[in-house]
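Shown next: final19.cif, given as mmCIF, C-alpha atoms.
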data_entry
#
loop_
_atom_site.label_atom_id
_atom_site.label_comp_id
_atom_site.auth_asym_id
_atom_site.auth_seq_id
_atom_site.Cartn_x
_atom_site.Cartn_y
_atom_site.Cartn_z
CA MET A 1 21.39 122.97 -7.63
CA PRO A 2 21.83 126.49 -9.02
CA HIS A 3 20.01 129.28 -7.19
CA ILE A 4 18.19 130.31 -10.39
CA GLU A 5 17.00 128.34 -13.40
CA LEU A 6 20.04 128.18 -15.67
CA PRO A 7 20.21 126.40 -19.04
CA PRO A 8 20.88 122.71 -18.21
CA GLY A 9 24.08 120.83 -18.95
CA LEU A 10 26.44 123.82 -18.82
CA GLN A 11 29.16 123.83 -16.20
CA GLY A 12 30.37 126.76 -14.10
CA ILE A 13 30.25 130.19 -15.69
CA ARG A 14 28.78 128.79 -18.91
CA GLY A 15 25.33 128.46 -17.31
CA PRO A 16 24.92 132.13 -16.32
CA MET A 17 26.62 133.28 -19.52
CA ALA A 18 24.06 131.40 -21.59
CA PHE A 19 21.31 132.73 -19.31
CA ARG A 20 22.34 136.37 -19.83
CA PRO A 21 24.14 136.92 -23.16
CA GLU A 22 24.07 140.70 -22.69
CA THR A 23 26.52 140.49 -19.80
CA ALA A 24 28.35 137.43 -21.18
CA LYS A 25 29.66 139.51 -24.08
CA PRO A 26 31.71 142.06 -22.09
CA LEU A 27 32.68 139.36 -19.56
CA ASN A 28 34.21 137.27 -22.36
CA GLU A 29 35.80 140.28 -24.04
CA LEU A 30 37.43 141.35 -20.78
CA VAL A 31 38.96 137.95 -20.05
CA GLU A 32 40.11 137.69 -23.68
CA VAL A 33 42.03 140.98 -23.50
CA LEU A 34 43.43 140.29 -20.04
CA LEU A 35 44.59 136.72 -20.53
CA ARG A 36 45.18 136.43 -24.27
CA GLY A 37 45.66 139.93 -25.70
CA PRO A 38 49.11 141.13 -26.78
CA ASN A 39 51.19 141.48 -23.63
CA SER A 40 54.75 141.15 -22.36
CA LEU A 41 53.45 138.63 -19.81
CA THR A 42 52.87 135.31 -21.55
CA PRO A 43 49.37 133.79 -21.63
CA GLY A 44 50.70 131.00 -19.38
CA GLU A 45 51.89 133.51 -16.77
CA ARG A 46 48.58 135.38 -16.85
CA GLU A 47 46.59 132.13 -16.55
CA LEU A 48 48.71 131.25 -13.50
CA ILE A 49 47.69 134.56 -11.88
CA ALA A 50 44.02 133.82 -12.66
CA THR A 51 44.35 130.26 -11.33
CA TYR A 52 46.08 131.39 -8.13
CA VAL A 53 43.41 134.01 -7.33
CA SER A 54 40.61 131.52 -8.10
CA TYR A 55 42.31 129.06 -5.74
CA LEU A 56 42.46 131.70 -2.99
CA ASN A 57 38.75 132.34 -3.55
CA ASP A 58 38.13 128.58 -3.39
CA CYS A 59 36.26 128.51 -6.71
CA TYR A 60 36.52 124.94 -8.00
CA PHE A 61 35.37 125.60 -11.55
CA CYS A 62 37.61 128.62 -12.18
CA GLN A 63 40.78 127.26 -10.60
CA THR A 64 40.36 123.94 -12.39
CA VAL A 65 39.58 125.20 -15.88
CA HIS A 66 42.13 128.05 -15.75
CA GLY A 67 44.67 125.63 -14.27
CA PHE A 68 44.29 123.45 -17.36
CA ILE A 69 44.41 126.45 -19.69
CA ALA A 70 47.64 127.49 -17.92
CA SER A 71 49.21 124.04 -18.26
CA ALA A 72 48.16 123.91 -21.92
CA HIS A 73 50.19 127.10 -22.42
CA LEU A 74 53.08 125.76 -20.29
CA ASN A 75 54.07 122.53 -22.08
CA GLU A 76 51.38 120.51 -20.26
CA ASP A 77 53.18 121.09 -16.95
CA GLU A 78 50.28 120.39 -14.57
CA GLU A 79 52.69 119.92 -11.67
CA LEU A 80 53.85 123.54 -12.02
CA VAL A 81 50.25 124.74 -11.76
CA ARG A 82 49.73 122.69 -8.58
CA ARG A 83 52.96 124.10 -7.18
CA VAL A 84 51.96 127.71 -7.86
CA LYS A 85 48.72 127.16 -5.98
CA ALA A 86 50.34 125.40 -3.03
CA ASP A 87 53.54 127.45 -2.62
CA PHE A 88 54.42 129.76 -5.51
CA GLN A 89 57.55 131.08 -3.78
CA HIS A 90 59.14 127.66 -4.38
CA ALA A 91 57.68 127.07 -7.85
CA ASP A 92 59.83 127.11 -10.97
CA ILE A 93 58.62 130.50 -12.20
CA SER A 94 60.43 133.82 -12.66
CA ALA A 95 61.23 136.08 -9.71
CA LYS A 96 59.17 138.74 -11.48
CA LEU A 97 56.07 136.52 -11.62
CA LYS A 98 56.49 135.75 -7.92
CA THR A 99 56.36 139.48 -7.10
CA LEU A 100 53.24 139.81 -9.26
CA LEU A 101 51.58 136.88 -7.48
CA VAL A 102 52.25 138.66 -4.18
CA ILE A 103 50.36 141.69 -5.54
CA ALA A 104 47.55 139.46 -6.90
CA GLY A 105 47.18 137.82 -3.48
CA LYS A 106 46.87 141.23 -1.82
CA VAL A 107 44.22 142.34 -4.34
CA GLN A 108 42.26 139.14 -3.63
CA ARG A 109 41.93 140.24 0.02
CA GLY A 110 41.26 143.87 -0.89
CA GLY A 111 42.78 146.56 -3.09
CA LYS A 112 44.11 148.60 -0.19
CA TYR A 113 46.44 145.78 0.90
CA VAL A 114 48.75 146.44 -2.06
CA THR A 115 51.65 148.55 -0.77
CA ALA A 116 54.15 150.80 -2.51
CA ALA A 117 56.80 148.33 -1.32
CA ASP A 118 55.04 145.43 -3.12
CA VAL A 119 55.02 147.47 -6.31
CA GLU A 120 58.67 148.52 -5.89
CA GLU A 121 59.67 144.86 -5.52
CA ALA A 122 57.87 144.00 -8.73
CA ARG A 123 59.50 146.90 -10.53
CA ALA A 124 62.94 145.91 -9.23
CA ALA A 125 62.31 142.41 -10.63
CA GLY A 126 61.59 143.97 -14.03
CA ALA A 127 57.81 144.43 -14.04
CA THR A 128 56.45 147.26 -16.19
CA ASP A 129 53.55 149.54 -15.37
CA VAL A 130 51.30 147.66 -17.79
CA GLU A 131 52.26 144.33 -16.21
CA ILE A 132 51.50 145.67 -12.73
CA HIS A 133 48.22 147.14 -13.97
CA ASP A 134 47.20 143.91 -15.64
CA THR A 135 48.12 141.85 -12.57
CA VAL A 136 45.88 144.04 -10.39
CA LEU A 137 43.05 143.84 -12.91
CA ILE A 138 43.35 140.07 -13.50
CA ALA A 139 43.20 139.53 -9.73
CA ALA A 140 40.28 141.94 -9.37
CA ALA A 141 38.43 140.42 -12.33
CA PHE A 142 38.72 136.90 -10.90
CA CYS A 143 37.29 138.18 -7.62
CA MET A 144 34.29 138.95 -9.83
CA TYR A 145 34.22 135.77 -11.95
CA ASN A 146 34.68 133.54 -8.87
CA ARG A 147 31.85 135.27 -6.98
CA TYR A 148 29.62 135.07 -10.06
CA VAL A 149 30.20 131.32 -10.44
CA ASP A 150 29.77 130.48 -6.74
CA GLY A 151 27.19 133.15 -5.89
CA LEU A 152 24.70 131.50 -8.27
CA ALA A 153 25.67 127.99 -7.08
CA THR A 154 26.45 126.89 -10.63
CA TRP A 155 26.92 123.23 -11.55
CA GLN A 156 30.59 122.35 -10.95
CA PRO A 157 31.15 118.59 -11.18
CA GLN A 158 34.32 117.76 -9.24
CA ASP A 159 36.01 115.70 -11.92
CA GLU A 160 39.21 117.09 -13.41
CA GLU A 161 38.83 115.00 -16.56
CA LEU A 162 35.86 117.15 -17.56
CA TYR A 163 38.07 120.24 -17.72
CA ARG A 164 41.42 119.11 -19.18
CA GLU A 165 40.43 118.90 -22.86
CA ARG A 166 38.31 122.04 -22.61
CA GLY A 167 41.30 123.88 -21.15
CA LYS A 168 43.43 122.83 -24.11
CA ARG A 169 40.81 124.02 -26.55
CA THR A 170 40.32 127.39 -24.84
CA ALA A 171 44.12 127.85 -24.73
CA LYS A 172 44.18 127.28 -28.48
CA GLU A 173 41.06 129.13 -29.63
CA GLY A 174 40.34 131.74 -26.99
CA TYR A 175 37.42 132.73 -24.80
CA VAL A 176 35.34 134.68 -27.28
CA THR A 177 35.51 131.94 -29.92
CA VAL A 178 34.68 129.13 -27.50
CA SER A 179 31.82 131.14 -25.97
CA ARG A 180 29.97 130.92 -29.31
CA ASP A 181 29.38 127.25 -28.44
CA TYR A 182 27.08 128.09 -25.56
CA VAL A 183 26.10 131.79 -25.56
CA PRO A 184 23.08 132.46 -27.79
CA GLN A 185 24.54 134.80 -30.39
CA ALA A 186 21.39 136.19 -31.98
CA THR A 187 20.23 137.78 -28.74
CA SER A 188 23.68 139.09 -28.06
CA ASP A 189 23.97 140.66 -31.52
CA LYS A 190 20.54 142.18 -31.25
CA VAL A 191 21.33 143.85 -27.95
CA HIS A 192 24.75 145.13 -29.05
CA PRO A 193 24.60 145.74 -32.79
CA MET B 1 50.22 158.60 -5.23
CA PRO B 2 49.10 155.92 -7.67
CA HIS B 3 51.24 152.76 -7.79
CA ILE B 4 51.83 153.18 -11.52
CA ASN B 5 52.17 156.19 -13.79
CA LEU B 6 48.50 156.99 -14.52
CA PRO B 7 47.30 160.02 -16.48
CA GLN B 8 47.17 162.94 -14.08
CA GLU B 9 44.05 164.95 -13.23
CA LEU B 10 41.77 161.94 -13.69
CA PRO B 11 40.23 160.59 -10.48
CA GLY B 12 39.57 156.98 -9.58
CA ILE B 13 38.75 154.49 -12.29
CA SER B 14 38.86 157.18 -15.01
CA ALA B 15 42.66 157.26 -14.79
CA ALA B 16 42.98 153.48 -15.04
CA PHE B 17 40.55 153.45 -17.98
CA ALA B 18 42.58 156.10 -19.79
CA PHE B 19 45.79 154.16 -19.09
CA ARG B 20 44.43 150.94 -20.60
CA PRO B 21 41.62 151.55 -23.13
CA GLU B 22 41.68 147.89 -24.22
CA THR B 23 40.32 146.72 -20.86
CA ALA B 24 38.26 149.88 -20.28
CA LYS B 25 35.98 149.04 -23.19
CA PRO B 26 34.46 145.78 -21.88
CA MET B 27 34.48 147.12 -18.30
CA ARG B 28 32.45 150.15 -19.38
CA GLU B 29 30.10 147.96 -21.40
CA LEU B 30 29.53 145.63 -18.45
CA ALA B 31 28.66 148.51 -16.12
CA HIS B 32 26.39 150.00 -18.77
CA VAL B 33 24.40 146.78 -19.22
CA LEU B 34 24.22 146.06 -15.49
CA LEU B 35 23.35 149.54 -14.25
CA HIS B 36 21.91 151.57 -17.09
CA GLU B 37 20.11 149.45 -19.67
CA PRO B 38 16.39 148.73 -19.22
CA ASN B 39 15.67 146.20 -16.50
CA SER B 40 12.78 145.41 -14.17
CA LEU B 41 14.99 146.78 -11.38
CA GLU B 42 15.11 150.57 -11.64
CA PRO B 43 18.50 152.13 -12.39
CA GLY B 44 18.32 153.82 -8.99
CA GLU B 45 17.86 150.43 -7.29
CA ARG B 46 20.79 148.95 -9.18
CA GLU B 47 22.98 151.95 -8.33
CA LEU B 48 22.05 151.43 -4.67
CA ILE B 49 23.30 147.83 -4.88
CA ALA B 50 26.56 149.06 -6.46
CA THR B 51 26.93 151.78 -3.83
CA TYR B 52 26.23 149.38 -0.97
CA VAL B 53 28.83 146.83 -2.13
CA SER B 54 31.36 149.62 -2.71
CA SER B 55 30.78 150.87 0.82
CA LEU B 56 31.31 147.34 2.20
CA ASN B 57 34.57 147.24 0.24
CA ASN B 58 35.42 150.69 1.62
CA CYS B 59 36.13 152.14 -1.82
CA TYR B 60 35.67 155.90 -1.52
CA PHE B 61 35.62 156.73 -5.22
CA CYS B 62 33.10 154.04 -6.21
CA GLN B 63 30.72 154.50 -3.28
CA THR B 64 30.70 158.28 -3.73
CA SER B 65 30.32 158.37 -7.52
CA HIS B 66 27.69 155.61 -7.61
CA GLY B 67 26.01 157.12 -4.57
CA ALA B 68 25.74 160.36 -6.54
CA ALA B 69 24.29 158.47 -9.52
CA ALA B 70 21.78 156.70 -7.25
CA ALA B 71 20.78 160.01 -5.63
CA CYS B 72 20.25 161.50 -9.06
CA HIS B 73 18.01 158.62 -10.20
CA LEU B 74 16.06 158.62 -6.93
CA GLY B 75 15.94 162.40 -6.48
CA ASN B 76 17.00 161.78 -2.88
CA SER B 77 20.47 161.56 -1.36
CA GLU B 78 19.22 160.69 2.14
CA ILE B 79 18.17 157.20 0.98
CA VAL B 80 21.70 156.58 -0.29
CA THR B 81 23.19 157.43 3.09
CA GLN B 82 20.64 155.25 4.87
CA VAL B 83 21.26 152.25 2.62
CA ALA B 84 25.00 152.47 3.24
CA SER B 85 24.60 152.73 7.02
CA ASP B 86 21.61 150.40 7.65
CA PHE B 87 19.53 149.40 4.66
CA THR B 88 17.05 147.44 6.78
CA GLN B 89 15.69 150.79 8.06
CA ALA B 90 15.81 152.61 4.70
CA PRO B 91 12.61 153.54 2.82
CA ILE B 92 13.15 151.00 0.03
CA SER B 93 11.09 148.00 -1.03
CA GLN B 94 11.24 144.71 0.86
CA LYS B 95 12.35 143.08 -2.38
CA LEU B 96 15.34 145.40 -2.68
CA LYS B 97 16.25 144.71 0.95
CA SER B 98 16.29 140.98 0.21
CA LEU B 99 18.52 141.62 -2.81
CA LEU B 100 20.89 143.75 -0.72
CA VAL B 101 21.22 140.79 1.68
CA ILE B 102 22.34 138.66 -1.28
CA ALA B 103 24.70 141.39 -2.52
CA GLY B 104 26.29 141.63 0.93
CA LYS B 105 26.88 137.87 0.97
CA VAL B 106 28.45 137.97 -2.51
CA GLN B 107 30.78 140.74 -1.31
CA GLN B 108 32.13 138.38 1.36
CA GLY B 109 32.24 135.40 -0.99
CA GLY B 110 29.95 133.70 -3.49
CA LYS B 111 29.48 130.55 -1.39
CA LEU B 112 27.86 132.52 1.43
CA VAL B 113 24.67 133.03 -0.60
CA THR B 114 22.19 130.46 0.68
CA GLU B 115 19.11 128.84 -0.80
CA ALA B 116 17.15 130.58 1.99
CA ASP B 117 18.46 134.01 0.91
CA VAL B 118 17.27 133.33 -2.63
CA GLN B 119 13.91 131.97 -1.48
CA ALA B 120 13.38 135.08 0.63
CA ALA B 121 14.03 137.29 -2.42
CA ARG B 122 11.74 135.19 -4.59
CA ALA B 123 8.95 135.33 -2.01
CA LEU B 124 9.14 139.13 -2.22
CA GLY B 125 8.76 139.04 -5.99
CA ALA B 126 12.36 138.93 -7.24
CA THR B 127 12.74 137.26 -10.64
CA ASP B 128 15.60 135.03 -11.75
CA ILE B 129 17.09 137.86 -13.83
CA GLU B 130 16.91 140.23 -10.88
CA ILE B 131 18.67 137.69 -8.65
CA HIS B 132 21.25 137.04 -11.38
CA ASP B 133 21.90 140.72 -11.90
CA THR B 134 22.18 141.36 -8.17
CA VAL B 135 24.84 138.65 -7.87
CA LEU B 136 26.72 139.97 -10.89
CA ILE B 137 26.49 143.65 -9.84
CA ALA B 138 27.89 142.71 -6.43
CA ALA B 139 30.60 140.55 -7.99
CA ALA B 140 31.49 143.22 -10.55
CA PHE B 141 31.90 145.85 -7.86
CA CYS B 142 34.25 143.51 -6.02
CA MET B 143 36.30 143.89 -9.22
CA TYR B 144 35.89 147.64 -9.82
CA ASN B 145 36.58 148.44 -6.14
CA ARG B 146 39.76 146.33 -6.07
CA TYR B 147 40.90 147.86 -9.35
CA VAL B 148 40.45 151.42 -8.08
CA ASP B 149 42.10 150.78 -4.71
CA GLY B 150 44.66 148.20 -5.85
CA LEU B 151 46.30 150.81 -8.10
CA ALA B 152 46.01 153.48 -5.38
CA THR B 153 44.21 155.82 -7.79
CA TRP B 154 43.70 159.49 -6.96
CA GLN B 155 40.40 159.79 -5.04
CA PRO B 156 39.83 163.37 -3.90
CA HIS B 157 37.68 163.41 -0.76
CA ASP B 158 35.42 166.15 -2.03
CA GLU B 159 31.79 165.13 -2.36
CA ALA B 160 30.96 168.20 -4.44
CA MET B 161 33.24 166.86 -7.16
CA TYR B 162 31.14 163.71 -7.51
CA ALA B 163 27.71 165.33 -7.98
CA PRO B 164 28.26 166.24 -11.65
CA MET B 165 29.77 162.79 -12.26
CA GLY B 166 26.68 161.14 -10.78
CA LYS B 167 24.47 163.35 -12.91
CA HIS B 168 26.36 162.35 -16.04
CA LEU B 169 26.26 158.64 -15.15
CA ALA B 170 22.55 158.78 -14.39
CA ALA B 171 21.79 160.51 -17.68
CA HIS B 172 24.22 158.83 -20.07
CA GLY B 173 25.41 155.61 -18.46
CA TYR B 174 28.87 154.14 -18.70
CA ARG B 175 29.90 153.87 -22.32
CA THR B 176 31.64 157.25 -22.21
CA SER B 177 33.67 158.99 -19.54
CA SER B 178 31.95 161.10 -16.89
CA ILE B 179 35.15 163.12 -16.46
CA ASN B 180 36.59 165.87 -18.60
CA ALA B 181 40.37 165.45 -18.77
CA ASN B 182 40.84 168.91 -20.23
CA SER B 183 39.21 170.81 -17.41
CA PRO B 184 39.99 171.01 -13.72
CA ALA B 185 39.36 167.61 -12.14
CA GLY B 186 35.76 166.71 -11.70
CA ALA B 187 34.30 169.12 -14.20
CA PRO B 188 31.21 167.68 -15.84
CA ALA B 189 31.94 166.05 -19.09
CA ALA B 190 28.74 165.98 -21.06
CA ASP B 191 29.92 167.56 -24.29
CA VAL B 192 33.51 166.32 -24.35
CA ALA B 193 32.99 162.87 -22.89
CA GLN B 194 34.05 161.20 -26.10
CA ALA B 195 37.38 162.99 -26.23
CA VAL B 196 38.90 161.22 -23.25
CA HIS B 197 38.48 157.65 -24.39
CA ALA B 198 37.88 158.03 -28.06
#

Can the structure from this file be put into structure tokens for me?
Amino acid sequence: MPHIELPPGLQGIRGPMAFRPETAKPLNELVEVLLRGPNSLTPGERELIATYVSYLNDCYFCQTVHGFIASAHLNEDEELVRRVKADFQHADISAKLKTLLVIAGKVQRGGKYVTAADVEEARAAGATDVEIHDTVLIAAAFCMYNRYVDGLATWQPQDEELYRERGKRTAKEGYVTVSRDYVPQATSDKVHP
Amino acid sequence: MPHINLPQELPGISAAFAFRPETAKPMRELAHVLLHEPNSLEPGERELIATYVSSLNNCYFCQTSHGAAAACHLGNSEIVTQVASDFTQAPISQKLKSLLVIAGKVQQGGKLVTEADVQAARALGATDIEIHDTVLIAAAFCMYNRYVDGLATWQPHDEAMYAPMGKHLAAHGYRTSSINANSPAGAPAADVAQAVHA
């Protein structure tokens, strides 16, 4: 049972987002820019970073829904997503993405763990400054989203089937659009005209 | 030296915000709603939660700048030091102490928050929104702290530099920069705040 009284029937982050539209708005806008905005990293690659960090933080809702959003972007390759979580060094992803996942894993433990050598490796594999920046921020942001979802003990039914179709839809339509389904818009508009 | 080529002369998160205005916008808005907009928790109390989590994450820039903002709201910098070192002995309300317990659990990991922690806060008068906001402030500072340190931003260890930043944050919130890029680092920004991230 959630620690506070959240709107019923909404899984994971949707409950607290519906509870507090004022914070839901920037939270959705941030994830939209980070994971779907124009970028030299593909949406699939960025969703893999988000999924990996959520897995390290042991957040069922986030790793499951972002895992399905990732596979929706990656030709429905759910096995690849599982592989990235279990052992990304041996997954069929680019050498560059592997170096970025190393950085993301360091950020998950704490920002100071990222070394100049980690960044040099990423650069040598072709990563740009924006890609390194976004990797650090995606990892940092999911350390927030994961704690938000688990810190309120949100409802997270452990049934993958509940997340697969939703992942496909979010991959297609985006976070801000889908959030209109469950975040009360009038309040949100009133607070942030 | 920062890990990537950030604008020079801007300390801490200001440099990362200037580098990537697209992500700065929602991050500023989130901090503004959480820490500055009207709430049954005073801005000073919310800045203390942010400062405490930043000190647990050992982020110099965030704990010093938010500590300065908290001191400004509270008119007292001694409380800020006490909260960071041992909040149980600080002259703050019992309710805020119970919320700091929750914030400290969130800093370690969301699952560590227990039903008993929440009941203790509720028994001291905490509302659902206050508990929600405490969890999200703590979670958000686990992001801001990692962002600032994960890019190895420039964080001058000069407390005097942070006082005007704290004053600006306390007065104006987070929608605009508290740093003036066109002056020596750390100069107060009040009248040119818009210029940096226009």

Go through A:Ile132, A:Leu97, A:Leu80, A:Ile49 one by one, measure the shortest atom-to-atom distance of each to chain B using all atoms listed in the file, and give the residue with the smallest value.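 Among the listed residues, the smallest separation from chain B belongs to A:Ile132.
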
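Near (25.6, 125.5, -4.2), the residues that fall inside 9 Å on the basis of all atoms listed in the file are Met1, Pro2, His3, Asp150, Gly151, Leu152, Ala153, Thr154, Trp155 and Gln156 of chain A; Lys111, Val113, Thr114 and Glu115 of chain B.
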
Excluding Glu159 in chain B and any residue of its chain fewer than 4 positions from it, enumerate the residues within 9 Å of it, using all atoms listed in the file, and give them as number ranges by chain. B: 64-65, 68, 163

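Residues with at least one atom no more than 10 Å from (44.1, 138.3, -23.0), using only C-alpha atoms, are Asn28, Glu29, Leu30, Val31, Glu32, Val33, Leu34, Leu35, Arg36, Gly37, Pro38, Asn39, Leu41, Thr42, Pro43, Arg46, Glu47, Asp134, Ile138, Gly174 and Tyr175 of chain A; Glu22 and Thr23 of chain B.
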
Take the PyMOL selection byres ((chain B) within 9 of (chain A)), apply it to the structure above, and return the hits as a VMD selection string. chain B and resid 2 to 5 16 19 to 20 22 to 30 33 to 34 57 59 102 105 to 115 118 to 119 127 to 129 131 to 132 135 to 136 138 to 152

Record the distance separating CA of Val178 in chain A and CA of Gly12 in chain A, expressed in Å with one decimal. 14.3 Å

Distance in Å - CA of Ala120 in chain B versus CA of Phe87 in chain B: 16.1 Å

Between CA of Tyr55 in chain A and CA of Ile93 in chain A - distance in Å to one decimal: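 For CA of Ile93 in chain A relative to CA of Tyr55 in chain A, the distance reads 17.6 Å.
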
With all atoms listed in the file as the basis for distance, which of A:Arg164, A:His66, A:Lys96, A:Arg14 is at the shortest distance from Ala124 in chain A?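 Once distances to Ala124 in chain A are computed over all atoms listed in the file, the minimum belongs to A:Lys96.
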
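In this comparison, which uses all atoms listed in the file, the residue of B:Leu6, B:Ala121, B:Ala50, B:Ile13 approaching Ser177 in chain B most closely is B:Ile13.
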